[in-house]
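Right, one structure below, let's go through it.
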Amino acid sequence: MYMKTILLGLYTLIGLCLSAQTGGTNSFPMLDLTYSARSAGLGGNFISVRDYDVNMAIANPSLANSKMNKQISFNTALLSGAVNYGALGYGYDVKNIGTLASYIKYVAYGKFDRTNVNGTTDGTFSPFEMIAGTSIGRELNPRISIGASVNLLYSQLETYNSFGASVDFAGTYHHEDKGILVTILAKNIGYQFDTYVQGNRKPLPTEIQAALSYKVKHAPFRFTLLGHHLNKWDLTYNDPNLEPTIDQLTGDTIPVPTTGFFEKLGRHFSYQLEVLVSKNIDLRLGFDYQRRKELALESRPGISGFSCGLGLHFDKFSLDYGFMVYSRSGFNNMLSLSTDLSKWRK
């Protein structure tokens with residue numbers, strides 16, 4: 001019954017995803033933020049490891065499992081200025097149902113001056129956005145699990161408010177002995193009920209992702225290949241103002257550059273590597289080709305699109321750090337603190 005429900009949901013909603021955009025035309029863009037340091041260190045959109053980290057169940061509900069019972073995680077971005085965002089998540093088992101992970105994600109933009117048309121200050125306001133949701137995962141057998149998430153979305157920007165809801169569906173196959181995990185996730189499927197401006201309703205940033213993870217049996221390496229925005233083939237931006245030019249030396253017409261097949265294909269993939277140095281230390285490295293092509297400075301691309309991170313695991317808690325590079329002028333630091341509450345009982 002559970003599998004039929006998930007498959008029916010995926011089949012019905014894939015059609016709704018085909019016209020999705022990658023940015024700039026959607027409501028609730030905070031749905032696309034990376035909320036855990038582990039994911040940030042791996043380039044974002046990390047959905048392919050089934051362990052005790054409750055943040056994995058929040059990102060991909062089919063990864064929820066009993067190891068996450070009583071696990072709690074605090075996540076925050078370390079940004080300049082007064083802008084801040086983060087998440088709080090908690091995992092727990094429900095008998096005869098599965099493992100659940102409830103969470104709150106928030107984005108706080110700091111305090112702004114409110115001015116009238118003459119530039120006179122008239123108080124202040126503090127924009128704020130929030131996602132409150134729950135993920136549920138269930139094992140169908142020792143290797144196949146399914147899951148779903150339900151999210152309530154709220155945004156307050158000065159006197160403008162918006163409210164919406166979204167759901168995620170996911171399925172995972174994992175073979176622990178061979179170190180293989182395959183998963184597919186359809187996320188941010190929903191509707192904007194109340195809009196900032198009447199009659200200006202926009203779609204949510206619906207997206208389909210798939211990932212293949214492989215843990216080398218006798219080496220401390222876990223490789224992951226992630227495919228993102230699989231519901232939209234062309235992720236490139238084509239400037240509508242560009243026109244053919246004339247070569248001043250030969251007089252030949254130079255057509256507007258077009259994007260080839262392999263360039264379009266390559267923009268759909270991210271590459272992630274975890275190095276399990278020891279029981280207590282993990283090193284992480286990620287690369288997102290689409291992020292590099294979209295955000296790197298043309299003259300000085302540097303390491304745009306790359307990310308790195310570190311995980312430290314102690315007896316009663318874990319501390320994770322992630323660093324994402326958008327361009328030479330923009331980057332993000334994230335910090336996560338996780339613990340198993342049952343370990344603190346005497």
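Residue numbering restarts at 1 for every chain of the structure tokens, chains are lettered A, B, ... in their displayed order, and ligands are numbered from 1 as they appear.
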Can you list, as a PyMOL selection string, every residue of region 181-332 of chain A that DSSP puts in alpha helix (DSSP H)? chain A and resi 261-266+289-295
So which residues of region 167-308 of chain A fall under strand (DSSP E) by DSSP, listed as a ChimeraX atom specification? /A:167-175,180-194,207-215,221-227,245-246,253-254,269-275,281-288,306-308
Please provide the set of residues having any atom within 12 Å of region 303-306 of chain A, restricted to only C-alpha atoms, with same-chain residues fewer than 3 positions apart removed, written as a ChimeraX atom specification. /A:40-44,267,269-273,284-298,300,309,322-332
Find, counting only C-alpha atoms, the residue in A:Ser299, A:Ser162, A:Leu335, A:Ile72 that gets nearest to Tyr85 (chain A). A:Leu335
His229 (chain A): which residues within 7 Å, counting only C-alpha atoms, same-chain residues fewer than 5 positions away excluded, as an MDAnalysis selection string? chainID A and resid 207:209 268
Residues within 8 Å of Tyr191 (chain A), please, as a PyMOL selection string. Count only C-alpha atoms; anything in the same chain fewer than 4 positions from it doesn't count. chain A and resi 164-166+203-204
Residues just named, written with C-alpha atoms as a short mmCIF file (atom, residue, chain, number, x, y, z; two decimals), in the first residue's frame:
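Saved the output as again-v9.cif:
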data_model
loop_
_atom_site.label_atom_id
_atom_site.label_comp_id
_atom_site.auth_asym_id
_atom_site.auth_seq_id
_atom_site.Cartn_x
_atom_site.Cartn_y
_atom_site.Cartn_z
CA GLY A 164 2.01 27.69 1.14
CA ALA A 165 2.56 23.96 1.51
CA SER A 166 4.72 21.37 -0.17
CA PRO A 203 5.04 27.96 -8.67
CA LEU A 204 7.32 26.36 -6.11
#
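As for CA of Ser48 (chain A) and CA of Thr224 (chain A), they are spaced 7.4 Å apart.
The list of residues with at least one atom within 12 Å of Gln198 (chain A), based on only C-alpha atoms and without residues fewer than 6 positions apart in the same chain, reads Tyr160, Asn161, Ser162 and Gln192 of chain A.
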Write the residues you've just listed into a file as a PDB file, in the first residue's frame, and include C-alpha atoms for each of them.
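Output (out.pdb):
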ATOM      1  CA  TYR A 160       3.629  41.400   2.643  1.00  0.00           C
ATOM      2  CA  ASN A 161       2.885  37.814   3.643  1.00  0.00           C
ATOM      3  CA  SER A 162       2.728  34.514   1.823  1.00  0.00           C
ATOM      4  CA  GLN A 192       1.300  29.032  -2.836  1.00  0.00           C
TER       5      GLN A 192
END
Residue contacts of Val275 (chain A) (9 Å, only C-alpha atoms) excluding same-chain residues fewer than 6 positions away, as a PDB file with N, CA and C atoms, in the first residue's frame:
ATOM      1  N   ALA A 219      38.554   0.580   1.570  1.00  0.00           N
ATOM      2  CA  ALA A 219      39.187   1.897   1.579  1.00  0.00           C
ATOM      3  C   ALA A 219      38.194   2.897   2.168  1.00  0.00           C
ATOM      4  N   PRO A 220      38.678   3.975   2.764  1.00  0.00           N
ATOM      5  CA  PRO A 220      37.782   4.905   3.471  1.00  0.00           C
ATOM      6  C   PRO A 220      37.145   5.955   2.572  1.00  0.00           C
ATOM      7  N   PHE A 221      36.674   5.541   1.392  1.00  0.00           N
ATOM      8  CA  PHE A 221      36.127   6.504   0.448  1.00  0.00           C
ATOM      9  C   PHE A 221      34.674   6.170   0.124  1.00  0.00           C
ATOM     10  N   ARG A 222      33.835   7.203   0.117  1.00  0.00           N
ATOM     11  CA  ARG A 222      32.458   7.074  -0.347  1.00  0.00           C
ATOM     12  C   ARG A 222      32.238   8.091  -1.457  1.00  0.00           C
ATOM     13  N   PHE A 223      31.962   7.602  -2.665  1.00  0.00           N
ATOM     14  CA  PHE A 223      31.756   8.460  -3.829  1.00  0.00           C
ATOM     15  C   PHE A 223      30.261   8.565  -4.124  1.00  0.00           C
ATOM     16  N   ILE A 281      36.591  11.025  12.580  1.00  0.00           N
ATOM     17  CA  ILE A 281      36.889  12.123  11.665  1.00  0.00           C
ATOM     18  C   ILE A 281      36.436  11.782  10.250  1.00  0.00           C
ATOM     19  N   ASP A 282      35.691  12.685   9.633  1.00  0.00           N
ATOM     20  CA  ASP A 282      35.298  12.594   8.224  1.00  0.00           C
ATOM     21  C   ASP A 282      35.765  13.848   7.497  1.00  0.00           C
ATOM     22  N   LEU A 283      36.306  13.670   6.305  1.00  0.00           N
ATOM     23  CA  LEU A 283      36.639  14.785   5.430  1.00  0.00           C
ATOM     24  C   LEU A 283      35.706  14.754   4.230  1.00  0.00           C
ATOM     25  N   ARG A 284      35.322  15.936   3.713  1.00  0.00           N
ATOM     26  CA  ARG A 284      34.344  16.005   2.638  1.00  0.00           C
ATOM     27  C   ARG A 284      34.770  16.976   1.549  1.00  0.00           C
ATOM     28  N   LEU A 285      34.399  16.626   0.327  1.00  0.00           N
ATOM     29  CA  LEU A 285      34.713  17.469  -0.824  1.00  0.00           C
ATOM     30  C   LEU A 285      33.588  17.345  -1.839  1.00  0.00           C
TER      31      LEU A 285
END
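Of the residues listed (A:Asp32, A:Asp168, A:Asp53, A:Glu243), A:Asp53 shows the shortest atom-to-atom separation from Lys70 (chain A); distances use only C-alpha atoms.
Here the question is which of A:Ala132, A:Ala210, A:Val54, A:Leu33 gets nearest to Tyr90 (chain A) using only C-alpha atoms, and that residue is A:Val54.
Atom pair CA of Gly119 (chain A) / CA of Ser155 (chain A) has a distance of 25.7 Å (rounded to one decimal).
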Taking a cut-off of 12 Å and counting only C-alpha atoms, can you build a table that, for each residue of region 86-105 of chain A near region 123-129 of chain A, reports the nearest atom pair and how far apart they are in Å (one decimal), sorted by chain then residue number, as CSV?
residue,atom,partner,partner_atom,distance
A:Gly86,CA,A:Glu129,CA,10.9
A:Ala87,CA,A:Glu129,CA,11.8
A:Ile104,CA,A:Glu129,CA,10.6
A:Lys105,CA,A:Glu129,CA,8.4
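Using only C-alpha atoms, the smallest distance between any of A:Asn55, A:Asn238, A:Thr259, A:Thr115 and Glu158 (chain A) comes from A:Thr115.
Counting only C-alpha atoms, the residue from A:Thr253, A:Asn241, A:Asn84, A:Asn231 that sits nearest to Met30 (chain A) is A:Asn84.
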